[in-house]
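Pasting work-v5.cif here (mmCIF, N, CA and C atoms):
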data_my_file
loop_
_atom_site.label_atom_id
_atom_site.label_comp_id
_atom_site.auth_asym_id
_atom_site.auth_seq_id
_atom_site.Cartn_x
_atom_site.Cartn_y
_atom_site.Cartn_z
N MET A 1 0.83 -1.18 0.00
CA MET A 1 0.00 0.00 0.00
C MET A 1 0.87 1.24 0.00
N ASN A 2 0.37 2.21 -0.68
CA ASN A 2 1.13 3.44 -0.84
C ASN A 2 1.05 4.34 0.38
N ASN A 3 0.87 5.58 0.13
CA ASN A 3 0.94 6.60 1.16
C ASN A 3 -0.44 6.98 1.69
N ILE A 4 -1.20 6.01 2.15
CA ILE A 4 -2.47 6.38 2.77
C ILE A 4 -2.18 6.74 4.21
N ASN A 5 -2.80 7.82 4.66
CA ASN A 5 -2.53 8.25 6.02
C ASN A 5 -3.75 8.04 6.90
N GLU A 6 -3.55 8.13 8.17
CA GLU A 6 -4.61 7.87 9.15
C GLU A 6 -5.77 8.83 9.00
N THR A 7 -5.51 10.07 8.60
CA THR A 7 -6.58 11.04 8.39
C THR A 7 -7.51 10.59 7.28
N GLU A 8 -6.94 10.10 6.17
CA GLU A 8 -7.76 9.60 5.07
C GLU A 8 -8.58 8.39 5.49
N ILE A 9 -7.97 7.52 6.27
CA ILE A 9 -8.66 6.32 6.74
C ILE A 9 -9.85 6.72 7.63
N GLN A 10 -9.61 7.61 8.58
CA GLN A 10 -10.68 8.04 9.48
C GLN A 10 -11.79 8.77 8.72
N LYS A 11 -11.39 9.58 7.75
CA LYS A 11 -12.36 10.30 6.93
C LYS A 11 -13.25 9.31 6.18
N TYR A 12 -12.66 8.26 5.64
CA TYR A 12 -13.42 7.24 4.92
C TYR A 12 -14.35 6.48 5.87
N LEU A 13 -13.86 6.11 7.05
CA LEU A 13 -14.68 5.40 8.03
C LEU A 13 -15.91 6.21 8.43
N ILE A 14 -15.71 7.50 8.66
CA ILE A 14 -16.83 8.37 9.03
C ILE A 14 -17.82 8.48 7.88
N ALA A 15 -17.31 8.63 6.67
CA ALA A 15 -18.19 8.71 5.50
C ALA A 15 -18.95 7.40 5.31
N LEU A 16 -18.29 6.28 5.51
CA LEU A 16 -18.95 4.98 5.37
C LEU A 16 -20.05 4.81 6.41
N GLU A 17 -19.77 5.23 7.62
CA GLU A 17 -20.76 5.12 8.69
C GLU A 17 -22.00 5.97 8.40
N ASN A 18 -21.80 7.10 7.75
CA ASN A 18 -22.90 8.02 7.46
C ASN A 18 -23.47 7.87 6.06
N ASN A 19 -23.00 6.91 5.31
CA ASN A 19 -23.36 6.76 3.90
C ASN A 19 -24.83 6.45 3.66
N ASN A 20 -25.42 5.59 4.45
CA ASN A 20 -26.83 5.21 4.30
C ASN A 20 -27.19 4.80 2.88
N GLU A 21 -26.30 4.04 2.25
CA GLU A 21 -26.53 3.49 0.90
C GLU A 21 -26.68 4.55 -0.20
N LYS A 22 -26.13 5.74 0.02
CA LYS A 22 -26.21 6.79 -1.00
C LYS A 22 -25.21 6.56 -2.12
N PHE A 23 -24.04 6.04 -1.78
CA PHE A 23 -22.96 5.85 -2.74
C PHE A 23 -22.40 4.44 -2.62
N ASP A 24 -21.84 3.91 -3.73
CA ASP A 24 -21.09 2.67 -3.59
C ASP A 24 -19.74 3.02 -2.97
N GLU A 25 -18.96 2.01 -2.64
CA GLU A 25 -17.73 2.25 -1.88
C GLU A 25 -16.72 3.13 -2.61
N ILE A 26 -16.65 3.04 -3.94
CA ILE A 26 -15.69 3.86 -4.69
C ILE A 26 -16.21 5.29 -4.82
N GLU A 27 -17.49 5.45 -5.16
CA GLU A 27 -18.08 6.79 -5.25
C GLU A 27 -17.99 7.52 -3.92
N LEU A 28 -18.12 6.77 -2.83
CA LEU A 28 -18.00 7.36 -1.50
C LEU A 28 -16.62 7.98 -1.31
N GLY A 29 -15.59 7.24 -1.69
CA GLY A 29 -14.23 7.77 -1.60
C GLY A 29 -14.03 8.99 -2.49
N LEU A 30 -14.53 8.91 -3.71
CA LEU A 30 -14.40 10.05 -4.63
C LEU A 30 -15.12 11.27 -4.07
N ASN A 31 -16.25 11.04 -3.45
CA ASN A 31 -17.06 12.13 -2.90
C ASN A 31 -16.34 12.87 -1.77
N ILE A 32 -15.42 12.22 -1.08
CA ILE A 32 -14.69 12.87 0.01
C ILE A 32 -13.27 13.26 -0.40
N GLY A 33 -13.01 13.23 -1.70
CA GLY A 33 -11.73 13.73 -2.21
C GLY A 33 -10.63 12.71 -2.39
N LEU A 34 -10.94 11.43 -2.29
CA LEU A 34 -9.94 10.39 -2.51
C LEU A 34 -10.02 9.91 -3.96
N ASN A 35 -8.91 9.43 -4.49
CA ASN A 35 -8.99 8.83 -5.83
C ASN A 35 -9.33 7.35 -5.69
N GLU A 36 -9.62 6.71 -6.80
CA GLU A 36 -10.07 5.32 -6.78
C GLU A 36 -9.02 4.39 -6.17
N LYS A 37 -7.76 4.59 -6.54
CA LYS A 37 -6.68 3.73 -6.04
C LYS A 37 -6.56 3.83 -4.52
N THR A 38 -6.56 5.04 -4.01
CA THR A 38 -6.45 5.25 -2.56
C THR A 38 -7.65 4.65 -1.84
N THR A 39 -8.83 4.83 -2.42
CA THR A 39 -10.04 4.27 -1.83
C THR A 39 -9.94 2.75 -1.72
N LYS A 40 -9.50 2.11 -2.79
CA LYS A 40 -9.35 0.65 -2.78
C LYS A 40 -8.32 0.21 -1.74
N GLU A 41 -7.24 0.96 -1.61
CA GLU A 41 -6.21 0.63 -0.62
C GLU A 41 -6.75 0.77 0.81
N ILE A 42 -7.54 1.81 1.04
CA ILE A 42 -8.14 2.00 2.36
C ILE A 42 -9.11 0.87 2.66
N ILE A 43 -9.93 0.50 1.69
CA ILE A 43 -10.88 -0.61 1.88
C ILE A 43 -10.12 -1.89 2.21
N GLU A 44 -9.06 -2.16 1.48
CA GLU A 44 -8.25 -3.36 1.73
C GLU A 44 -7.69 -3.35 3.15
N LYS A 45 -7.12 -2.23 3.56
CA LYS A 45 -6.52 -2.12 4.89
C LYS A 45 -7.57 -2.29 5.98
N LEU A 46 -8.71 -1.62 5.84
CA LEU A 46 -9.76 -1.70 6.86
C LEU A 46 -10.36 -3.10 6.93
N THR A 47 -10.45 -3.77 5.79
CA THR A 47 -10.96 -5.14 5.76
C THR A 47 -9.98 -6.07 6.48
N GLU A 48 -8.69 -5.92 6.18
CA GLU A 48 -7.67 -6.75 6.82
C GLU A 48 -7.64 -6.54 8.33
N GLU A 49 -7.89 -5.31 8.77
CA GLU A 49 -7.88 -4.98 10.19
C GLU A 49 -9.19 -5.39 10.88
N GLY A 50 -10.17 -5.82 10.09
CA GLY A 50 -11.44 -6.23 10.66
C GLY A 50 -12.35 -5.08 11.05
N LYS A 51 -12.06 -3.88 10.57
CA LYS A 51 -12.89 -2.72 10.91
C LYS A 51 -14.11 -2.60 10.01
N ILE A 52 -14.02 -3.12 8.80
CA ILE A 52 -15.17 -3.16 7.90
C ILE A 52 -15.29 -4.56 7.35
N GLU A 53 -16.47 -4.86 6.81
CA GLU A 53 -16.68 -6.18 6.23
C GLU A 53 -17.44 -6.05 4.92
N PHE A 54 -17.24 -7.04 4.07
CA PHE A 54 -17.95 -7.11 2.80
C PHE A 54 -19.37 -7.57 3.05
N LYS A 55 -20.30 -6.99 2.33
CA LYS A 55 -21.68 -7.47 2.35
C LYS A 55 -22.17 -7.55 0.92
N SER A 56 -23.02 -8.47 0.62
CA SER A 56 -23.39 -8.72 -0.78
C SER A 56 -24.75 -8.14 -1.16
N PHE A 57 -25.19 -7.11 -0.45
CA PHE A 57 -26.46 -6.48 -0.79
C PHE A 57 -26.33 -4.97 -0.64
N GLY A 58 -27.24 -4.24 -1.26
CA GLY A 58 -27.23 -2.80 -1.16
C GLY A 58 -26.27 -2.16 -2.15
N LEU A 59 -26.30 -0.86 -2.21
CA LEU A 59 -25.46 -0.12 -3.15
C LEU A 59 -23.98 -0.18 -2.76
N CYS A 60 -23.68 0.01 -1.49
CA CYS A 60 -22.30 -0.04 -1.00
C CYS A 60 -22.00 -1.47 -0.53
N SER A 61 -20.89 -2.03 -1.00
CA SER A 61 -20.57 -3.43 -0.69
C SER A 61 -19.84 -3.62 0.64
N TYR A 62 -19.63 -2.55 1.40
CA TYR A 62 -18.91 -2.66 2.67
C TYR A 62 -19.68 -1.95 3.77
N GLN A 63 -19.51 -2.45 4.98
CA GLN A 63 -20.13 -1.81 6.13
C GLN A 63 -19.16 -1.91 7.31
N ILE A 64 -19.33 -1.04 8.28
CA ILE A 64 -18.51 -1.06 9.47
C ILE A 64 -18.92 -2.26 10.30
N ARG A 65 -17.93 -2.99 10.79
CA ARG A 65 -18.22 -4.15 11.66
C ARG A 65 -18.70 -3.65 13.00
N LYS A 66 -19.68 -4.29 13.51
CA LYS A 66 -20.22 -3.90 14.82
C LYS A 66 -19.88 -4.92 15.86
#

Take the structure in the file and give it back as structure tokens.
Amino acid sequence: MNNINETEIQKYLIALENNNEKFDEIELGLNIGLNEKTTKEIIEKLTEEGKIEFKSFGLCSYQIRK
């Protein structure tokens, strides 16, 4: 993974939590100023850390683990 920083990760987590199925996971990242590559890297990192999980329904394919 490249130069993703903690601020970008937290920004994405907050956006994901407040998304309410408005955007898919990539559009969500673009909407908060991230590019597609960075968004995918953040998703990968958060998934590996167990902070988010894949779901197979709805517009956005990821959700915060509870």

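When you apply the PyMOL selection byres (((chain A and resi 31-36 and name CA) around 12) and name CA) to this structure, what comes back is Ile4, Asn5, Thr7, Glu8, Ile9, Gln10, Lys11, Tyr12, Leu13, Ile14, Ala15, Leu16, Asn19, Lys22, Phe23, Asp24, Glu25, Ile26, Glu27, Leu28, Gly29, Leu30, Lys37, Thr38, Thr39, Lys40, Glu41, Ile42 and Ile43 of chain A.
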
Would you save the residues from that selection as a CSV table (one decimal), in the frame of the given file, using N, CA and C atoms?
chain,number,residue,atom,x,y,z
A,4,ILE,N,-1.2,6.0,2.2
A,4,ILE,CA,-2.5,6.4,2.8
A,4,ILE,C,-2.2,6.7,4.2
A,5,ASN,N,-2.8,7.8,4.7
A,5,ASN,CA,-2.5,8.2,6.0
A,5,ASN,C,-3.8,8.0,6.9
A,7,THR,N,-5.5,10.1,8.6
A,7,THR,CA,-6.6,11.0,8.4
A,7,THR,C,-7.5,10.6,7.3
A,8,GLU,N,-6.9,10.1,6.2
A,8,GLU,CA,-7.8,9.6,5.1
A,8,GLU,C,-8.6,8.4,5.5
A,9,ILE,N,-8.0,7.5,6.3
A,9,ILE,CA,-8.7,6.3,6.7
A,9,ILE,C,-9.8,6.7,7.6
A,10,GLN,N,-9.6,7.6,8.6
A,10,GLN,CA,-10.7,8.0,9.5
A,10,GLN,C,-11.8,8.8,8.7
A,11,LYS,N,-11.4,9.6,7.8
A,11,LYS,CA,-12.4,10.3,6.9
A,11,LYS,C,-13.2,9.3,6.2
A,12,TYR,N,-12.7,8.3,5.6
A,12,TYR,CA,-13.4,7.2,4.9
A,12,TYR,C,-14.4,6.5,5.9
A,13,LEU,N,-13.9,6.1,7.0
A,13,LEU,CA,-14.7,5.4,8.0
A,13,LEU,C,-15.9,6.2,8.4
A,14,ILE,N,-15.7,7.5,8.7
A,14,ILE,CA,-16.8,8.4,9.0
A,14,ILE,C,-17.8,8.5,7.9
A,15,ALA,N,-17.3,8.6,6.7
A,15,ALA,CA,-18.2,8.7,5.5
A,15,ALA,C,-19.0,7.4,5.3
A,16,LEU,N,-18.3,6.3,5.5
A,16,LEU,CA,-19.0,5.0,5.4
A,16,LEU,C,-20.0,4.8,6.4
A,19,ASN,N,-23.0,6.9,5.3
A,19,ASN,CA,-23.4,6.8,3.9
A,19,ASN,C,-24.8,6.4,3.7
A,22,LYS,N,-26.1,5.7,0.0
A,22,LYS,CA,-26.2,6.8,-1.0
A,22,LYS,C,-25.2,6.6,-2.1
A,23,PHE,N,-24.0,6.0,-1.8
A,23,PHE,CA,-23.0,5.8,-2.7
A,23,PHE,C,-22.4,4.4,-2.6
A,24,ASP,N,-21.8,3.9,-3.7
A,24,ASP,CA,-21.1,2.7,-3.6
A,24,ASP,C,-19.7,3.0,-3.0
A,25,GLU,N,-19.0,2.0,-2.6
A,25,GLU,CA,-17.7,2.2,-1.9
A,25,GLU,C,-16.7,3.1,-2.6
A,26,ILE,N,-16.6,3.0,-3.9
A,26,ILE,CA,-15.7,3.9,-4.7
A,26,ILE,C,-16.2,5.3,-4.8
A,27,GLU,N,-17.5,5.4,-5.2
A,27,GLU,CA,-18.1,6.8,-5.2
A,27,GLU,C,-18.0,7.5,-3.9
A,28,LEU,N,-18.1,6.8,-2.8
A,28,LEU,CA,-18.0,7.4,-1.5
A,28,LEU,C,-16.6,8.0,-1.3
A,29,GLY,N,-15.6,7.2,-1.7
A,29,GLY,CA,-14.2,7.8,-1.6
A,29,GLY,C,-14.0,9.0,-2.5
A,30,LEU,N,-14.5,8.9,-3.7
A,30,LEU,CA,-14.4,10.0,-4.6
A,30,LEU,C,-15.1,11.3,-4.1
A,37,LYS,N,-7.8,4.6,-6.5
A,37,LYS,CA,-6.7,3.7,-6.0
A,37,LYS,C,-6.6,3.8,-4.5
A,38,THR,N,-6.6,5.0,-4.0
A,38,THR,CA,-6.4,5.2,-2.6
A,38,THR,C,-7.6,4.6,-1.8
A,39,THR,N,-8.8,4.8,-2.4
A,39,THR,CA,-10.0,4.3,-1.8
A,39,THR,C,-9.9,2.8,-1.7
A,40,LYS,N,-9.5,2.1,-2.8
A,40,LYS,CA,-9.4,0.6,-2.8
A,40,LYS,C,-8.3,0.2,-1.7
A,41,GLU,N,-7.2,1.0,-1.6
A,41,GLU,CA,-6.2,0.6,-0.6
A,41,GLU,C,-6.8,0.8,0.8
A,42,ILE,N,-7.5,1.8,1.0
A,42,ILE,CA,-8.1,2.0,2.4
A,42,ILE,C,-9.1,0.9,2.7
A,43,ILE,N,-9.9,0.5,1.7
A,43,ILE,CA,-10.9,-0.6,1.9
A,43,ILE,C,-10.1,-1.9,2.2

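With atom N of Gln63 of chain A on one side and atom CA of Asn3 of chain A on the other, the separation reads 22.7 Å.
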
Hey, what's within 7 Å of Glu53 of chain A if we count only C-alpha atoms and toss same-chain stuff fewer than 5 positions away? As a CSV table (one decimal) with N, CA and C atoms, keeping the file's coordinate frame, please?
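New file around.csv:
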chain,number,residue,atom,x,y,z
A,47,THR,N,-10.4,-3.8,5.8
A,47,THR,CA,-11.0,-5.1,5.8
A,47,THR,C,-10.0,-6.1,6.5
A,62,TYR,N,-19.6,-2.6,1.4
A,62,TYR,CA,-18.9,-2.7,2.7
A,62,TYR,C,-19.7,-2.0,3.8
A,63,GLN,N,-19.5,-2.4,5.0
A,63,GLN,CA,-20.1,-1.8,6.1
A,63,GLN,C,-19.2,-1.9,7.3
A,64,ILE,N,-19.3,-1.0,8.3
A,64,ILE,CA,-18.5,-1.1,9.5
A,64,ILE,C,-18.9,-2.3,10.3
A,65,ARG,N,-17.9,-3.0,10.8
A,65,ARG,CA,-18.2,-4.2,11.7
A,65,ARG,C,-18.7,-3.6,13.0

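In this structure, atom N of Gly50 of chain A sits 17.5 Å away from atom N of Asn18 of chain A.
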
Practice item. As a PyMOL selection string, please: all residues of segment 2-65 of chain A that backbone DSSP puts in alpha helix (DSSP H). Key: chain A and resi 6-17+25-31+36-48

Review point. Chain A: which residues are strand (DSSP E or B) by DSSP, as a PyMOL selection string?
Key: chain A and resi 52-54+62-64

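The spacing separating atom CA of Asn20 of chain A from atom CA of Leu46 of chain A amounts to 18.6 Å.
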
Add whatever atoms are absent from segment 10-21 of chain A to reach all heavy atoms, and provide the output as a PDB file, keeping the file's coordinate frame.
ATOM      1  N   GLN A  10      -9.610   7.610   8.580  1.00  0.00           N
ATOM      2  CA  GLN A  10     -10.680   8.040   9.480  1.00  0.00           C
ATOM      3  C   GLN A  10     -11.790   8.770   8.720  1.00  0.00           C
ATOM      4  O   GLN A  10     -12.979   8.583   8.999  1.00  0.00           O
ATOM      5  CB  GLN A  10     -10.121   8.926  10.591  1.00  0.00           C
ATOM      6  CG  GLN A  10      -9.269   8.176  11.578  1.00  0.00           C
ATOM      7  CD  GLN A  10      -9.985   6.981  12.183  1.00  0.00           C
ATOM      8  OE1 GLN A  10     -11.122   7.068  12.611  1.00  0.00           O
ATOM      9  NE2 GLN A  10      -9.307   5.837  12.200  1.00  0.00           N
ATOM     10  N   LYS A  11     -11.390   9.580   7.750  1.00  0.00           N
ATOM     11  CA  LYS A  11     -12.360  10.300   6.930  1.00  0.00           C
ATOM     12  C   LYS A  11     -13.250   9.310   6.180  1.00  0.00           C
ATOM     13  O   LYS A  11     -14.472   9.479   6.103  1.00  0.00           O
ATOM     14  CB  LYS A  11     -11.592  11.204   5.945  1.00  0.00           C
ATOM     15  CG  LYS A  11     -12.423  12.196   5.206  1.00  0.00           C
ATOM     16  CD  LYS A  11     -11.488  13.095   4.381  1.00  0.00           C
ATOM     17  CE  LYS A  11     -12.251  14.088   3.558  1.00  0.00           C
ATOM     18  NZ  LYS A  11     -11.382  14.945   2.765  1.00  0.00           N
ATOM     19  N   TYR A  12     -12.660   8.260   5.640  1.00  0.00           N
ATOM     20  CA  TYR A  12     -13.420   7.240   4.920  1.00  0.00           C
ATOM     21  C   TYR A  12     -14.350   6.480   5.870  1.00  0.00           C
ATOM     22  O   TYR A  12     -15.510   6.227   5.549  1.00  0.00           O
ATOM     23  CB  TYR A  12     -12.502   6.271   4.170  1.00  0.00           C
ATOM     24  CG  TYR A  12     -13.274   5.355   3.260  1.00  0.00           C
ATOM     25  CD1 TYR A  12     -13.673   5.771   2.002  1.00  0.00           C
ATOM     26  CD2 TYR A  12     -13.628   4.071   3.674  1.00  0.00           C
ATOM     27  CE1 TYR A  12     -14.410   4.945   1.169  1.00  0.00           C
ATOM     28  CE2 TYR A  12     -14.363   3.230   2.850  1.00  0.00           C
ATOM     29  CZ  TYR A  12     -14.750   3.671   1.596  1.00  0.00           C
ATOM     30  OH  TYR A  12     -15.488   2.858   0.783  1.00  0.00           O
ATOM     31  N   LEU A  13     -13.860   6.110   7.050  1.00  0.00           N
ATOM     32  CA  LEU A  13     -14.680   5.400   8.030  1.00  0.00           C
ATOM     33  C   LEU A  13     -15.910   6.210   8.430  1.00  0.00           C
ATOM     34  O   LEU A  13     -17.027   5.689   8.500  1.00  0.00           O
ATOM     35  CB  LEU A  13     -13.871   5.064   9.280  1.00  0.00           C
ATOM     36  CG  LEU A  13     -13.091   3.773   9.269  1.00  0.00           C
ATOM     37  CD1 LEU A  13     -12.214   3.664  10.510  1.00  0.00           C
ATOM     38  CD2 LEU A  13     -13.999   2.572   9.157  1.00  0.00           C
ATOM     39  N   ILE A  14     -15.710   7.500   8.660  1.00  0.00           N
ATOM     40  CA  ILE A  14     -16.830   8.370   9.030  1.00  0.00           C
ATOM     41  C   ILE A  14     -17.820   8.480   7.880  1.00  0.00           C
ATOM     42  O   ILE A  14     -19.035   8.380   8.083  1.00  0.00           O
ATOM     43  CB  ILE A  14     -16.313   9.769   9.441  1.00  0.00           C
ATOM     44  CG1 ILE A  14     -15.566   9.664  10.779  1.00  0.00           C
ATOM     45  CG2 ILE A  14     -17.463  10.774   9.539  1.00  0.00           C
ATOM     46  CD1 ILE A  14     -14.743  10.878  11.131  1.00  0.00           C
ATOM     47  N   ALA A  15     -17.310   8.630   6.670  1.00  0.00           N
ATOM     48  CA  ALA A  15     -18.190   8.710   5.500  1.00  0.00           C
ATOM     49  C   ALA A  15     -18.950   7.400   5.310  1.00  0.00           C
ATOM     50  O   ALA A  15     -20.155   7.421   5.000  1.00  0.00           O
ATOM     51  CB  ALA A  15     -17.369   9.041   4.245  1.00  0.00           C
ATOM     52  N   LEU A  16     -18.290   6.280   5.510  1.00  0.00           N
ATOM     53  CA  LEU A  16     -18.950   4.980   5.370  1.00  0.00           C
ATOM     54  C   LEU A  16     -20.050   4.810   6.410  1.00  0.00           C
ATOM     55  O   LEU A  16     -21.149   4.350   6.105  1.00  0.00           O
ATOM     56  CB  LEU A  16     -17.915   3.852   5.500  1.00  0.00           C
ATOM     57  CG  LEU A  16     -18.426   2.432   5.294  1.00  0.00           C
ATOM     58  CD1 LEU A  16     -19.005   2.261   3.900  1.00  0.00           C
ATOM     59  CD2 LEU A  16     -17.293   1.439   5.518  1.00  0.00           C
ATOM     60  N   GLU A  17     -19.770   5.230   7.620  1.00  0.00           N
ATOM     61  CA  GLU A  17     -20.760   5.120   8.690  1.00  0.00           C
ATOM     62  C   GLU A  17     -22.000   5.970   8.400  1.00  0.00           C
ATOM     63  O   GLU A  17     -23.118   5.579   8.727  1.00  0.00           O
ATOM     64  CB  GLU A  17     -20.137   5.562  10.012  1.00  0.00           C
ATOM     65  CG  GLU A  17     -21.022   5.354  11.198  1.00  0.00           C
ATOM     66  CD  GLU A  17     -20.299   5.600  12.514  1.00  0.00           C
ATOM     67  OE1 GLU A  17     -19.332   6.390  12.534  1.00  0.00           O
ATOM     68  OE2 GLU A  17     -20.702   4.995  13.506  1.00  0.00           O
ATOM     69  N   ASN A  18     -21.800   7.100   7.750  1.00  0.00           N
ATOM     70  CA  ASN A  18     -22.900   8.020   7.460  1.00  0.00           C
ATOM     71  C   ASN A  18     -23.470   7.870   6.060  1.00  0.00           C
ATOM     72  O   ASN A  18     -24.334   8.643   5.658  1.00  0.00           O
ATOM     73  CB  ASN A  18     -22.445   9.463   7.679  1.00  0.00           C
ATOM     74  CG  ASN A  18     -22.093   9.726   9.124  1.00  0.00           C
ATOM     75  OD1 ASN A  18     -22.848   9.384  10.022  1.00  0.00           O
ATOM     76  ND2 ASN A  18     -20.929  10.304   9.355  1.00  0.00           N
ATOM     77  N   ASN A  19     -23.000   6.910   5.310  1.00  0.00           N
ATOM     78  CA  ASN A  19     -23.360   6.760   3.900  1.00  0.00           C
ATOM     79  C   ASN A  19     -24.830   6.450   3.660  1.00  0.00           C
ATOM     80  O   ASN A  19     -25.441   6.986   2.742  1.00  0.00           O
ATOM     81  CB  ASN A  19     -22.493   5.667   3.258  1.00  0.00           C
ATOM     82  CG  ASN A  19     -22.694   5.551   1.775  1.00  0.00           C
ATOM     83  OD1 ASN A  19     -23.057   6.493   1.084  1.00  0.00           O
ATOM     84  ND2 ASN A  19     -22.457   4.367   1.252  1.00  0.00           N
ATOM     85  N   ASN A  20     -25.420   5.590   4.450  1.00  0.00           N
ATOM     86  CA  ASN A  20     -26.830   5.210   4.300  1.00  0.00           C
ATOM     87  C   ASN A  20     -27.190   4.800   2.880  1.00  0.00           C
ATOM     88  O   ASN A  20     -28.233   5.197   2.349  1.00  0.00           O
ATOM     89  CB  ASN A  20     -27.750   6.334   4.769  1.00  0.00           C
ATOM     90  CG  ASN A  20     -27.580   6.639   6.236  1.00  0.00           C
ATOM     91  OD1 ASN A  20     -27.404   5.736   7.044  1.00  0.00           O
ATOM     92  ND2 ASN A  20     -27.601   7.905   6.582  1.00  0.00           N
ATOM     93  N   GLU A  21     -26.300   4.040   2.250  1.00  0.00           N
ATOM     94  CA  GLU A  21     -26.530   3.490   0.900  1.00  0.00           C
ATOM     95  C   GLU A  21     -26.680   4.550  -0.200  1.00  0.00           C
ATOM     96  O   GLU A  21     -27.285   4.306  -1.227  1.00  0.00           O
ATOM     97  CB  GLU A  21     -27.752   2.565   0.898  1.00  0.00           C
ATOM     98  CG  GLU A  21     -27.614   1.361   1.808  1.00  0.00           C
ATOM     99  CD  GLU A  21     -26.505   0.395   1.390  1.00  0.00           C
ATOM    100  OE1 GLU A  21     -26.252   0.235   0.189  1.00  0.00           O
ATOM    101  OE2 GLU A  21     -25.897  -0.189   2.284  1.00  0.00           O
TER     102      GLU A  21
END
